[in-house]
>>> print(open('structure31.cif').read())   # mmCIF, C-alpha atoms
data_my_file
#
loop_
_atom_site.group_PDB
_atom_site.id
_atom_site.type_symbol
_atom_site.label_atom_id
_atom_site.label_comp_id
_atom_site.auth_asym_id
_atom_site.auth_seq_id
_atom_site.Cartn_x
_atom_site.Cartn_y
_atom_site.Cartn_z
ATOM 1 C CA MET Y 1 24.464 2.461 -9.048
ATOM 2 C CA GLY Y 2 27.126 -0.159 -8.380
ATOM 3 C CA ILE Y 3 30.815 0.630 -8.396
ATOM 4 C CA GLU Y 4 31.301 -1.715 -11.368
ATOM 5 C CA LEU Y 5 28.798 0.212 -13.466
ATOM 6 C CA VAL Y 6 30.328 3.543 -12.424
ATOM 7 C CA GLY Y 7 33.741 2.229 -13.473
ATOM 8 C CA LEU Y 8 32.401 0.927 -16.776
ATOM 9 C CA LEU Y 9 30.718 4.240 -17.579
ATOM 10 C CA ALA Y 10 33.831 6.205 -16.580
ATOM 11 C CA ILE Y 11 36.183 4.093 -18.722
ATOM 12 C CA THR Y 12 33.786 4.262 -21.679
ATOM 13 C CA ALA Y 13 33.440 8.033 -21.328
ATOM 14 C CA ALA Y 14 37.228 8.440 -21.091
ATOM 15 C CA LEU Y 15 37.797 6.425 -24.272
ATOM 16 C CA LEU Y 16 35.077 8.394 -26.053
ATOM 17 C CA LEU Y 17 36.648 11.691 -24.997
ATOM 18 C CA VAL Y 18 39.991 10.582 -26.433
ATOM 19 C CA LEU Y 19 38.284 9.704 -29.729
ATOM 20 C CA LEU Y 20 36.323 12.944 -29.695
ATOM 21 C CA LEU Y 21 39.325 15.153 -29.052
ATOM 22 C CA ARG Y 22 41.910 13.188 -31.009
ATOM 23 C CA PRO Y 23 40.176 11.142 -33.737
ATOM 24 C CA ALA Y 24 43.500 10.916 -35.572
ATOM 25 C CA THR Y 25 44.572 8.274 -33.043
ATOM 26 C CA THR Y 26 42.593 5.801 -35.172
ATOM 27 C CA ARG Y 27 45.329 6.027 -37.820
ATOM 28 C CA GLU Y 28 47.301 3.597 -35.677
ATOM 29 C CA ARG Y 29 46.295 0.026 -34.977
ATOM 30 C CA GLY Y 30 45.975 0.753 -31.249
ATOM 31 C CA GLY Y 31 43.679 3.669 -31.975
ATOM 32 C CA ARG Y 32 41.411 1.492 -34.072
ATOM 33 C CA VAL Y 33 41.156 -1.023 -31.238
ATOM 34 C CA LEU Y 34 40.393 1.906 -28.935
ATOM 35 C CA ALA Y 35 37.586 3.038 -31.272
ATOM 36 C CA PHE Y 36 36.137 -0.464 -31.393
ATOM 37 C CA LEU Y 37 36.153 -0.708 -27.618
ATOM 38 C CA GLY Y 38 34.996 2.856 -26.963
ATOM 39 C CA ILE Y 39 32.258 3.130 -29.566
ATOM 40 C CA LEU Y 40 30.999 -0.429 -29.959
ATOM 41 C CA ALA Y 41 31.991 -2.959 -27.296
ATOM 42 C CA LEU Y 42 31.940 -0.995 -24.037
ATOM 43 C CA PRO Y 43 28.819 1.118 -24.782
ATOM 44 C CA THR Y 44 26.889 -2.038 -25.706
ATOM 45 C CA LEU Y 45 27.965 -3.636 -22.429
ATOM 46 C CA ALA Y 46 27.267 -0.416 -20.488
ATOM 47 C CA PHE Y 47 23.778 -0.176 -21.983
ATOM 48 C CA ALA Y 48 22.971 -3.800 -21.111
ATOM 49 C CA VAL Y 49 24.244 -3.418 -17.542
ATOM 50 C CA GLY Y 50 22.486 -0.044 -17.199
ATOM 51 C CA PHE Y 51 19.212 -1.484 -18.487
ATOM 52 C CA ASN Y 52 19.420 -4.297 -15.951
ATOM 53 C CA ALA Y 53 20.163 -1.776 -13.183
ATOM 54 C CA HIS Y 54 17.143 0.298 -14.216
ATOM 55 C CA VAL Y 55 14.882 -2.769 -14.199
ATOM 56 C CA GLU Y 56 16.121 -3.805 -10.742
ATOM 57 C CA ARG Y 57 15.608 -0.263 -9.406
ATOM 58 C CA SER Y 58 12.082 -0.219 -10.806
ATOM 59 C CA LYS Y 59 11.174 -2.985 -8.338
ATOM 60 C CA LYS Y 60 11.754 -0.615 -5.430
ATOM 61 C CA ARG Y 61 8.809 0.710 -3.471
ATOM 62 C CA GLU Y 62 10.400 4.163 -3.579
ATOM 63 C CA PHE Y 63 10.311 3.978 -7.377
ATOM 64 C CA CYS Y 64 6.571 3.192 -7.489
ATOM 65 C CA LEU Y 65 5.749 5.869 -4.926
ATOM 66 C CA SER Y 66 7.831 8.534 -6.691
ATOM 67 C CA CYS Y 67 4.752 9.372 -8.779
ATOM 68 C CA HIS Y 68 2.405 11.718 -6.894
ATOM 69 C CA ILE Y 69 -0.643 9.674 -7.829
ATOM 70 C CA MET Y 70 0.720 6.626 -5.987
ATOM 71 C CA GLU Y 71 1.341 8.401 -2.668
ATOM 72 C CA PRO Y 72 -1.987 7.364 -1.043
ATOM 73 C CA TYR Y 73 -1.267 3.759 -1.966
ATOM 74 C CA GLY Y 74 2.041 4.019 -0.135
ATOM 75 C CA LYS Y 75 0.321 5.553 2.881
ATOM 76 C CA SER Y 76 -2.232 2.742 2.904
ATOM 77 C CA LEU Y 77 0.589 0.352 3.817
ATOM 78 C CA ALA Y 78 0.589 1.946 7.283
ATOM 79 C CA ILE Y 79 -3.091 1.262 8.071
ATOM 80 C CA ASP Y 80 -3.195 -0.121 11.584
ATOM 81 C CA ASP Y 81 -5.610 -2.972 10.936
ATOM 82 C CA ASP Y 82 -4.663 -6.583 10.193
ATOM 83 C CA GLU Y 83 -7.706 -6.986 7.948
ATOM 84 C CA TYR Y 84 -6.079 -4.746 5.336
ATOM 85 C CA VAL Y 85 -4.076 -7.193 3.254
ATOM 86 C CA PRO Y 86 -1.296 -4.933 1.848
ATOM 87 C CA ALA Y 87 -0.742 -3.172 5.190
ATOM 88 C CA SER Y 88 -0.544 -6.392 7.207
ATOM 89 C CA HIS Y 89 1.827 -7.948 4.658
ATOM 90 C CA VAL Y 90 4.240 -5.018 4.796
ATOM 91 C CA GLN Y 91 4.060 -4.419 8.531
ATOM 92 C CA ASN Y 92 4.652 -8.092 9.334
ATOM 93 C CA ASN Y 93 7.441 -8.499 6.780
ATOM 94 C CA ARG Y 94 5.451 -11.043 4.781
ATOM 95 C CA VAL Y 95 6.851 -9.229 1.758
ATOM 96 C CA HIS Y 96 10.161 -7.418 1.483
ATOM 97 C CA ARG Y 97 9.359 -3.848 2.507
ATOM 98 C CA ASP Y 98 11.599 -2.287 -0.127
ATOM 99 C CA GLU Y 99 9.904 -4.236 -2.899
ATOM 100 C CA ALA Y 100 6.388 -4.395 -1.467
ATOM 101 C CA CYS Y 101 4.548 -3.029 -4.542
ATOM 102 C CA PHE Y 102 6.399 -5.214 -7.032
ATOM 103 C CA THR Y 103 6.133 -8.397 -4.938
ATOM 104 C CA CYS Y 104 2.332 -8.390 -5.053
ATOM 105 C CA HIS Y 105 1.787 -6.633 -8.382
ATOM 106 C CA THR Y 106 4.090 -8.642 -10.615
ATOM 107 C CA THR Y 107 2.842 -11.738 -12.407
ATOM 108 C CA TYR Y 108 4.263 -15.034 -11.226
ATOM 109 C CA ALA Y 109 4.165 -16.619 -14.668
ATOM 110 C CA LEU Y 110 6.475 -16.910 -17.645
ATOM 111 C CA TYR Y 111 7.690 -13.406 -18.622
ATOM 112 C CA GLY Y 112 5.672 -12.035 -15.686
ATOM 113 C CA ASP Y 113 8.304 -9.451 -14.762
ATOM 114 C CA ILE Y 114 8.468 -8.224 -18.362
ATOM 115 C CA LYS Y 115 4.676 -7.953 -18.530
ATOM 116 C CA ALA Y 116 4.704 -6.031 -15.245
ATOM 117 C CA LYS Y 117 7.266 -3.592 -16.660
ATOM 118 C CA ILE Y 118 5.269 -3.126 -19.866
ATOM 119 C CA GLY Y 119 2.237 -2.442 -17.656
ATOM 120 C CA GLY Y 120 4.367 0.124 -15.838
ATOM 121 C CA LEU Y 121 5.112 1.913 -19.118
ATOM 122 C CA ARG Y 122 1.377 2.042 -19.718
ATOM 123 C CA HIS Y 123 0.927 3.649 -16.277
ATOM 124 C CA ILE Y 124 3.464 6.331 -17.238
ATOM 125 C CA ALA Y 125 1.670 7.005 -20.531
ATOM 126 C CA VAL Y 126 -1.693 7.350 -18.776
ATOM 127 C CA ASN Y 127 -0.211 9.515 -16.017
ATOM 128 C CA TYR Y 128 1.601 11.967 -18.259
ATOM 129 C CA LEU Y 129 -0.269 11.835 -21.544
ATOM 130 C CA GLY Y 130 -3.807 10.942 -20.498
ATOM 131 C CA ALA Y 131 -6.148 11.505 -17.593
ATOM 132 C CA PRO Y 132 -5.463 9.220 -14.620
ATOM 133 C CA PRO Y 133 -8.682 7.892 -13.080
ATOM 134 C CA ASP Y 134 -9.714 8.930 -9.575
ATOM 135 C CA THR Y 135 -9.704 5.305 -8.488
ATOM 136 C CA ILE Y 136 -6.931 3.206 -9.971
ATOM 137 C CA ARG Y 137 -8.136 -0.235 -10.914
ATOM 138 C CA LEU Y 138 -6.199 -3.308 -11.982
ATOM 139 C CA TYR Y 139 -6.255 -4.104 -15.691
ATOM 140 C CA ARG Y 140 -7.460 -7.605 -14.842
ATOM 141 C CA PRO Y 141 -8.957 -9.069 -11.645
ATOM 142 C CA TYR Y 142 -6.213 -10.000 -9.181
ATOM 143 C CA ASN Y 143 -5.139 -13.571 -9.866
ATOM 144 C CA ASN Y 144 -4.877 -15.965 -6.904
ATOM 145 C CA ARG Y 145 -1.633 -17.221 -8.454
ATOM 146 C CA GLU Y 146 0.118 -14.128 -7.080
ATOM 147 C CA CYS Y 147 -1.024 -14.980 -3.502
ATOM 148 C CA LEU Y 148 -0.374 -18.688 -3.885
ATOM 149 C CA HIS Y 149 3.177 -18.013 -5.035
ATOM 150 C CA CYS Y 150 3.990 -17.597 -1.333
ATOM 151 C CA HIS Y 151 1.010 -19.050 0.537
ATOM 152 C CA GLU Y 152 0.508 -22.369 -1.244
ATOM 153 C CA GLY Y 153 1.799 -25.166 0.929
ATOM 154 C CA ALA Y 154 2.001 -22.973 4.018
ATOM 155 C CA ARG Y 155 0.322 -24.546 7.043
ATOM 156 C CA SER Y 156 -1.564 -21.349 7.881
ATOM 157 C CA PHE Y 157 -3.081 -21.397 4.391
ATOM 158 C CA GLU Y 158 -3.620 -25.118 3.823
ATOM 159 C CA SER Y 159 -5.207 -25.847 7.216
ATOM 160 C CA ASN Y 160 -7.213 -22.650 7.530
ATOM 161 C CA ASP Y 161 -10.864 -23.483 8.345
ATOM 162 C CA ALA Y 162 -12.236 -20.999 5.814
ATOM 163 C CA HIS Y 163 -10.058 -22.460 3.052
ATOM 164 C CA THR Y 164 -11.274 -25.998 3.774
ATOM 165 C CA GLU Y 165 -14.891 -25.092 4.509
ATOM 166 C CA THR Y 166 -16.218 -27.408 1.786
ATOM 167 C CA ASP Y 167 -14.608 -30.167 -0.265
ATOM 168 C CA THR Y 168 -14.305 -27.851 -3.237
ATOM 169 C CA THR Y 169 -13.211 -24.596 -1.603
ATOM 170 C CA MET Y 170 -9.479 -25.255 -1.700
ATOM 171 C CA THR Y 171 -9.657 -26.550 -5.283
ATOM 172 C CA ALA Y 172 -11.611 -23.463 -6.332
ATOM 173 C CA ILE Y 173 -9.076 -21.153 -4.672
ATOM 174 C CA LYS Y 174 -6.107 -22.887 -6.295
ATOM 175 C CA ALA Y 175 -7.831 -22.879 -9.695
ATOM 176 C CA ASN Y 176 -8.562 -19.132 -9.354
ATOM 177 C CA ARG Y 177 -12.302 -19.800 -9.550
ATOM 178 C CA LEU Y 178 -12.829 -18.409 -6.060
ATOM 179 C CA SER Y 179 -10.910 -15.186 -5.608
ATOM 180 C CA CYS Y 180 -8.874 -14.650 -2.453
ATOM 181 C CA MET Y 181 -10.371 -11.156 -2.540
ATOM 182 C CA SER Y 182 -13.971 -12.340 -2.629
ATOM 183 C CA SER Y 183 -16.308 -10.334 -0.477
ATOM 184 C CA GLY Y 184 -15.923 -11.367 3.138
ATOM 185 C CA CYS Y 185 -12.534 -13.012 2.569
ATOM 186 C CA HIS Y 186 -9.492 -10.796 1.977
ATOM 187 C CA ASP Y 187 -11.356 -7.929 0.347
ATOM 188 C CA LEU Y 188 -9.809 -5.032 2.257
ATOM 189 C CA VAL Y 189 -6.867 -3.719 0.295
ATOM 190 C CA HIS Y 190 -5.571 -0.159 -0.175
ATOM 191 C CA ASP Y 191 -8.837 1.778 0.488
ATOM 192 C CA VAL Y 192 -7.168 5.088 -0.371
ATOM 193 C CA HIS Y 193 -10.407 7.096 -0.192
ATOM 194 C CA ASN Y 194 -10.833 6.437 3.526
ATOM 195 C CA LEU Y 195 -7.243 6.894 4.662
ATOM 196 C CA GLY Y 196 -8.149 9.924 6.802
ATOM 197 C CA LYS Y 197 -10.640 7.887 8.804
ATOM 198 C CA LEU Y 198 -8.414 4.868 9.408
ATOM 199 C CA PRO Y 199 -5.888 4.449 12.231
ATOM 200 C CA MET Y 200 -2.246 4.465 11.140
ATOM 201 C CA TRP Y 201 0.569 2.409 12.605
ATOM 202 C CA LYS Y 202 3.102 4.851 14.031
ATOM 203 C CA GLY Y 203 5.929 2.377 13.732
ATOM 204 C CA ALA Y 204 5.549 2.248 9.979
ATOM 205 C CA ARG Y 205 8.409 3.598 7.967
ATOM 206 C CA SER Y 206 7.318 6.592 5.892
ATOM 207 C CA MET U 1 47.532 20.188 -37.022
ATOM 208 C CA THR U 2 46.698 17.861 -39.936
ATOM 209 C CA ALA U 3 43.262 17.852 -41.543
ATOM 210 C CA LEU U 4 40.969 15.032 -40.475
ATOM 211 C CA ARG U 5 40.190 12.275 -42.921
ATOM 212 C CA PRO U 6 36.481 11.504 -43.601
ATOM 213 C CA ILE U 7 36.550 8.365 -41.415
ATOM 214 C CA GLU U 8 38.009 10.348 -38.543
ATOM 215 C CA ARG U 9 35.263 12.935 -38.796
ATOM 216 C CA ARG U 10 32.689 10.149 -38.739
ATOM 217 C CA ILE U 11 34.371 8.501 -35.769
ATOM 218 C CA ARG U 12 34.262 11.836 -33.967
ATOM 219 C CA VAL U 13 30.517 12.115 -34.651
ATOM 220 C CA ALA U 14 29.999 8.513 -33.502
ATOM 221 C CA ALA U 15 32.002 9.115 -30.319
ATOM 222 C CA ALA U 16 29.997 12.272 -29.585
ATOM 223 C CA LEU U 17 26.685 10.451 -30.009
ATOM 224 C CA VAL U 18 27.724 7.504 -27.843
ATOM 225 C CA LEU U 19 29.102 9.897 -25.223
ATOM 226 C CA VAL U 20 25.725 11.664 -25.085
ATOM 227 C CA GLY U 21 24.069 8.275 -24.544
ATOM 228 C CA ILE U 22 26.533 7.351 -21.802
ATOM 229 C CA VAL U 23 25.955 10.692 -20.048
ATOM 230 C CA ILE U 24 22.173 10.167 -20.261
ATOM 231 C CA GLU U 25 22.638 6.696 -18.762
ATOM 232 C CA ALA U 26 24.788 8.039 -15.918
ATOM 233 C CA VAL U 27 22.334 10.846 -15.121
ATOM 234 C CA THR U 28 19.199 8.684 -15.282
ATOM 235 C CA LEU U 29 20.766 6.053 -13.032
ATOM 236 C CA ARG U 30 21.107 8.752 -10.351
ATOM 237 C CA ILE U 31 17.371 9.533 -10.388
ATOM 238 C CA LEU U 32 14.845 7.016 -9.065
ATOM 239 C CA HIS U 33 11.759 7.895 -11.072
ATOM 240 C CA PRO U 34 9.815 6.182 -13.878
ATOM 241 C CA LEU U 35 10.598 9.029 -16.268
ATOM 242 C CA SER U 36 14.324 8.459 -15.810
ATOM 243 C CA PHE U 37 13.839 4.907 -17.072
ATOM 244 C CA VAL U 38 11.879 6.184 -20.077
ATOM 245 C CA LEU U 39 14.557 8.792 -20.789
ATOM 246 C CA PHE U 40 17.268 6.120 -20.610
ATOM 247 C CA ALA U 41 15.387 3.608 -22.747
ATOM 248 C CA ALA U 42 14.398 6.186 -25.358
ATOM 249 C CA LEU U 43 17.045 8.912 -25.654
ATOM 250 C CA GLY U 44 19.979 6.964 -24.198
ATOM 251 C CA ALA U 45 19.381 3.946 -26.413
ATOM 252 C CA LEU U 46 18.800 6.190 -29.422
ATOM 253 C CA ALA U 47 22.060 8.101 -28.936
ATOM 254 C CA ILE U 48 24.161 4.987 -28.299
ATOM 255 C CA GLY U 49 22.503 3.116 -31.175
ATOM 256 C CA ALA U 50 22.964 6.027 -33.584
ATOM 257 C CA GLY U 51 26.618 6.365 -32.583
ATOM 258 C CA ILE U 52 27.263 2.672 -33.187
ATOM 259 C CA ILE U 53 25.540 2.837 -36.584
ATOM 260 C CA VAL U 54 27.584 5.891 -37.618
ATOM 261 C CA TYR U 55 30.751 4.037 -36.546
ATOM 262 C CA LEU U 56 29.858 0.874 -38.473
ATOM 263 C CA LEU U 57 28.928 2.910 -41.564
ATOM 264 C CA ALA U 58 32.232 4.739 -41.304
ATOM 265 C CA LEU U 59 34.061 1.395 -41.305
ATOM 266 C CA LEU U 60 32.007 0.155 -44.244
ATOM 267 C CA ARG U 61 32.662 3.287 -46.306
ATOM 268 C CA GLU U 62 36.348 3.127 -45.438
ATOM 269 C CA THR U 63 36.661 -0.408 -46.752
ATOM 270 C CA GLU U 64 34.589 0.168 -49.906
ATOM 271 C CA PRO U 65 36.828 -0.092 -52.983
ATOM 272 C CA GLY U 66 37.231 3.192 -54.807
ATOM 273 C CA THR U 67 36.390 5.464 -51.886
ATOM 274 C CA ALA U 68 38.760 8.313 -51.216
ATOM 275 C CA GLY U 69 39.377 7.316 -47.635
ATOM 276 C CA ALA U 70 39.853 3.594 -48.272
ATOM 277 C CA GLY U 71 42.752 1.986 -46.454
ATOM 278 C CA HIS U 72 43.942 2.834 -42.992
ATOM 279 C CA ASP U 73 47.186 4.336 -44.184
ATOM 280 C CA GLY U 74 45.428 6.865 -46.402
ATOM 281 C CA ARG U 75 45.832 4.968 -49.664
ATOM 282 C CA ALA U 76 42.940 3.741 -51.760
ATOM 283 C CA ALA U 77 42.430 -0.004 -51.609
#
>>> encode(input="structure31.cif", output="structure tokens")
Amino acid sequence: MGIELVGLLAITAALLLVLLLRPATTRERGGRVLAFLGILALPTLAFAVGFNAHVERSKKREFCLSCHIMEPYGKSLAIDDDEYVPASHVQNNRVHRDEACFTCHTTYALYGDIKAKIGGLRHIAVNYLGAPPDTIRLYRPYNNRECLHCHEGARSFESNDAHTETDTTMTAIKANRLSCMSSGCHDLVHDVHNLGKLPMWKGARS
Amino acid sequence: MTALRPIERRIRVAAALVLVGIVIEAVTLRILHPLSFVLFAALGALAIGAGIIVYLLALLRETEPGTAGAGHDGRAA
């Protein structure tokens, strides 16, 4: 929580306490201004700033992994094998480590962040009100757009032999007709059911 | 100690509700967990919103002609 938000909440709370303990102050013009600020203007601002702070915090890896069910997915980021896409991305800083989950699981489209957050609310409902499945699956197949957000235009992607194998391969990848996660391509992801059998990178942050 | 006028009682209720919302916001911002976001967005927003509505209704009732509490100096408008 930033110092500005702490200050805003403290000032708002102080004004509200004055109004709560001495509501008769609103008999004066200054008291009425105080009521307007304390009950309407500052709380509205504090809520907007607080909402934004909550949304920003929800992008943190720590936030996603705070639910017990997500723990194995966090551990899978330490798999010591470059073939595992999430692990190699995190360990090689291809994504920001603190926002690793959000970076790959948001939608890089209009209102993508909002859709991701609404999806998150659905996760909470399933986790606490329903029965979470043994294997968590994506609501929709992973869209290449999310990979291409970073990789498109990169030399390692554009000139990769497998990506230019035929005349149509690259076009199919970019049009999401050929999934990046097709069998034999980048199909090793979290693999949470085999974590015990896989080597773990000791240098990985827990 | 003078008795509170109706608008002052309503302002006190509004201030209490908004204060509850602000406390919920402060507490939930200290906890990094999805449920803290839900608590903030549901209970915090509800308390702040209800407080603001009570405040606006208090102002409306105060300015309504013929109401006992009309006028800021205690006189009917």
>>> residues_around(input="structure31.cif", residues="U:Leu43", least_positions_apart="3", cutoff="12 Å", atoms="all atoms listed in the file", output="list in words")
Phe47 of chain Y; Leu17, Val18, Val20, Gly21, Ile22, Val23, Ile24, Glu25, Val27, Thr28, Leu35, Ser36, Phe37, Val38, Leu39, Phe40, Leu46, Ala47, Ile48, Gly49 and Ala50 of chain U
>>> resolve_selection(input="structure31.cif", expression="the PyMOL selection byres ((chain U) within 8 of (chain Y))", output="list in words")
Leu4, Glu8, Arg9, Ile11, Arg12, Val13, Ala14, Ala15, Ala16, Val18, Leu19, Ile22, Glu25, Ala26, Leu29, Arg30, Leu32, His33, Pro34, Leu35, Phe37, Ala41, Ala45, Ile48, Gly51, Ile52, Tyr55, His72 and Asp73 of chain U
>>> resolve_selection(input="structure31.cif", expression="the PyMOL selection byres ((chain Y and resi 138) around 12)", output="NGL selection string")
:Y and (105-106 or 116 or 119-120 or 123 or 133 or 135-137 or 139-143)
>>> atom_distance(input="structure31.cif", atom1="atom CA of Y:Arg155", atom2="atom CA of Y:Ala172")
18.0 Å
>>> residues_around(input="structure31.cif", residues="stretch 74-76 of chain Y", least_positions_apart="6", cutoff="10 Å", atoms="only C-alpha atoms", output="PyMOL selection string")
chain Y and resi 61-62+64-66+84+86-87+100-101+189-195+198+200+204-206
>>> residues_near_point(input="structure31.cif", point="(3.1, -14.3, -9.9)", cutoff="6 Å", atoms="only C-alpha atoms", output="mmCIF file with C-alpha atoms, in the frame of the given file")
data_model
loop_
_atom_site.group_PDB
_atom_site.id
_atom_site.type_symbol
_atom_site.label_atom_id
_atom_site.label_comp_id
_atom_site.auth_asym_id
_atom_site.auth_seq_id
_atom_site.Cartn_x
_atom_site.Cartn_y
_atom_site.Cartn_z
ATOM 1 C CA THR Y 106 4.090 -8.642 -10.615
ATOM 2 C CA THR Y 107 2.842 -11.738 -12.407
ATOM 3 C CA TYR Y 108 4.263 -15.034 -11.226
ATOM 4 C CA ALA Y 109 4.165 -16.619 -14.668
ATOM 5 C CA ARG Y 145 -1.633 -17.221 -8.454
ATOM 6 C CA GLU Y 146 0.118 -14.128 -7.080
#
>>> atom_distance(input="structure31.cif", atom1="atom CA of Y:Asn144", atom2="atom CA of Y:Pro199")
28.0 Å
>>> resolve_selection(input="structure31.cif", expression="the PyMOL selection byres ((chain Y and resi 85) around 12)", output="PyMOL selection string")
chain Y and resi 76-84+86-92+94-95+100+104+147+180-181+185-191
>>> axis_aligned_box(input="structure31.cif", around="stretch 40-50 of chain U", padding_each_side="6 Å", output="AutoDock Vina command-line options")
--center_x 19.3 --center_y 6.0 --center_z -27.1 --size_x 21.8 --size_y 17.8 --size_z 25.0
>>> decode(input="structure31.cif", residues="stretch 7-31 of chain U", atoms="N, CA and C atoms", output="CSV table (one decimal), in the first residue's frame")
chain,number,residue,atom,x,y,z
U,7,ILE,N,-30.9,15.8,10.4
U,7,ILE,CA,-29.9,15.7,9.4
U,7,ILE,C,-28.5,15.3,10.1
U,8,GLU,N,-28.4,15.8,11.3
U,8,GLU,CA,-27.1,15.4,12.0
U,8,GLU,C,-27.0,14.0,12.4
U,9,ARG,N,-28.2,13.4,12.7
U,9,ARG,CA,-28.3,12.0,13.0
U,9,ARG,C,-28.0,11.2,11.7
U,10,ARG,N,-28.5,11.7,10.6
U,10,ARG,CA,-28.3,11.0,9.4
U,10,ARG,C,-26.8,11.1,8.9
U,11,ILE,N,-26.3,12.2,9.1
U,11,ILE,CA,-24.8,12.4,8.8
U,11,ILE,C,-24.0,11.5,9.7
U,12,ARG,N,-24.4,11.3,10.9
U,12,ARG,CA,-23.6,10.4,11.8
U,12,ARG,C,-23.7,9.0,11.3
U,13,VAL,N,-24.9,8.6,10.8
U,13,VAL,CA,-25.0,7.2,10.3
U,13,VAL,C,-24.2,7.1,9.0
U,14,ALA,N,-24.3,8.1,8.2
U,14,ALA,CA,-23.5,8.1,6.9
U,14,ALA,C,-22.0,8.0,7.2
U,15,ALA,N,-21.5,8.8,8.1
U,15,ALA,CA,-20.1,8.8,8.5
U,15,ALA,C,-19.7,7.4,9.0
U,16,ALA,N,-20.6,6.8,9.8
U,16,ALA,CA,-20.3,5.5,10.4
U,16,ALA,C,-20.1,4.4,9.3
U,17,LEU,N,-21.1,4.5,8.3
U,17,LEU,CA,-21.1,3.5,7.2
U,17,LEU,C,-19.8,3.7,6.4
U,18,VAL,N,-19.5,4.9,6.0
U,18,VAL,CA,-18.3,5.2,5.2
U,18,VAL,C,-17.1,4.8,6.0
U,19,LEU,N,-17.0,5.1,7.3
U,19,LEU,CA,-15.9,4.7,8.1
U,19,LEU,C,-15.7,3.2,8.1
U,20,VAL,N,-16.7,2.4,8.2
U,20,VAL,CA,-16.6,1.0,8.1
U,20,VAL,C,-16.0,0.5,6.7
U,21,GLY,N,-16.5,1.2,5.7
U,21,GLY,CA,-16.0,0.9,4.3
U,21,GLY,C,-14.5,1.2,4.2
U,22,ILE,N,-14.1,2.3,4.8
U,22,ILE,CA,-12.7,2.7,4.8
U,22,ILE,C,-11.8,1.8,5.6
U,23,VAL,N,-12.3,1.3,6.7
U,23,VAL,CA,-11.6,0.4,7.5
U,23,VAL,C,-11.4,-1.0,6.8
U,24,ILE,N,-12.5,-1.4,6.1
U,24,ILE,CA,-12.4,-2.6,5.3
U,24,ILE,C,-11.4,-2.5,4.2
U,25,GLU,N,-11.4,-1.3,3.6
U,25,GLU,CA,-10.4,-1.1,2.5
U,25,GLU,C,-9.0,-1.2,3.1
U,26,ALA,N,-8.8,-0.5,4.2
U,26,ALA,CA,-7.4,-0.5,4.8
U,26,ALA,C,-7.0,-1.9,5.2
U,27,VAL,N,-7.9,-2.7,5.8
U,27,VAL,CA,-7.5,-4.0,6.2
U,27,VAL,C,-7.3,-4.9,5.0
U,28,THR,N,-8.1,-4.9,4.0
U,28,THR,CA,-8.0,-5.8,2.9
U,28,THR,C,-6.7,-5.4,2.0
U,29,LEU,N,-6.3,-4.2,2.1
U,29,LEU,CA,-5.1,-3.8,1.3
U,29,LEU,C,-3.9,-4.3,2.0
U,30,ARG,N,-4.0,-4.8,3.3
U,30,ARG,CA,-2.8,-5.3,4.0
U,30,ARG,C,-2.7,-6.8,3.7
U,31,ILE,N,-3.7,-7.4,3.2
U,31,ILE,CA,-3.7,-8.9,3.0
U,31,ILE,C,-3.7,-9.2,1.5
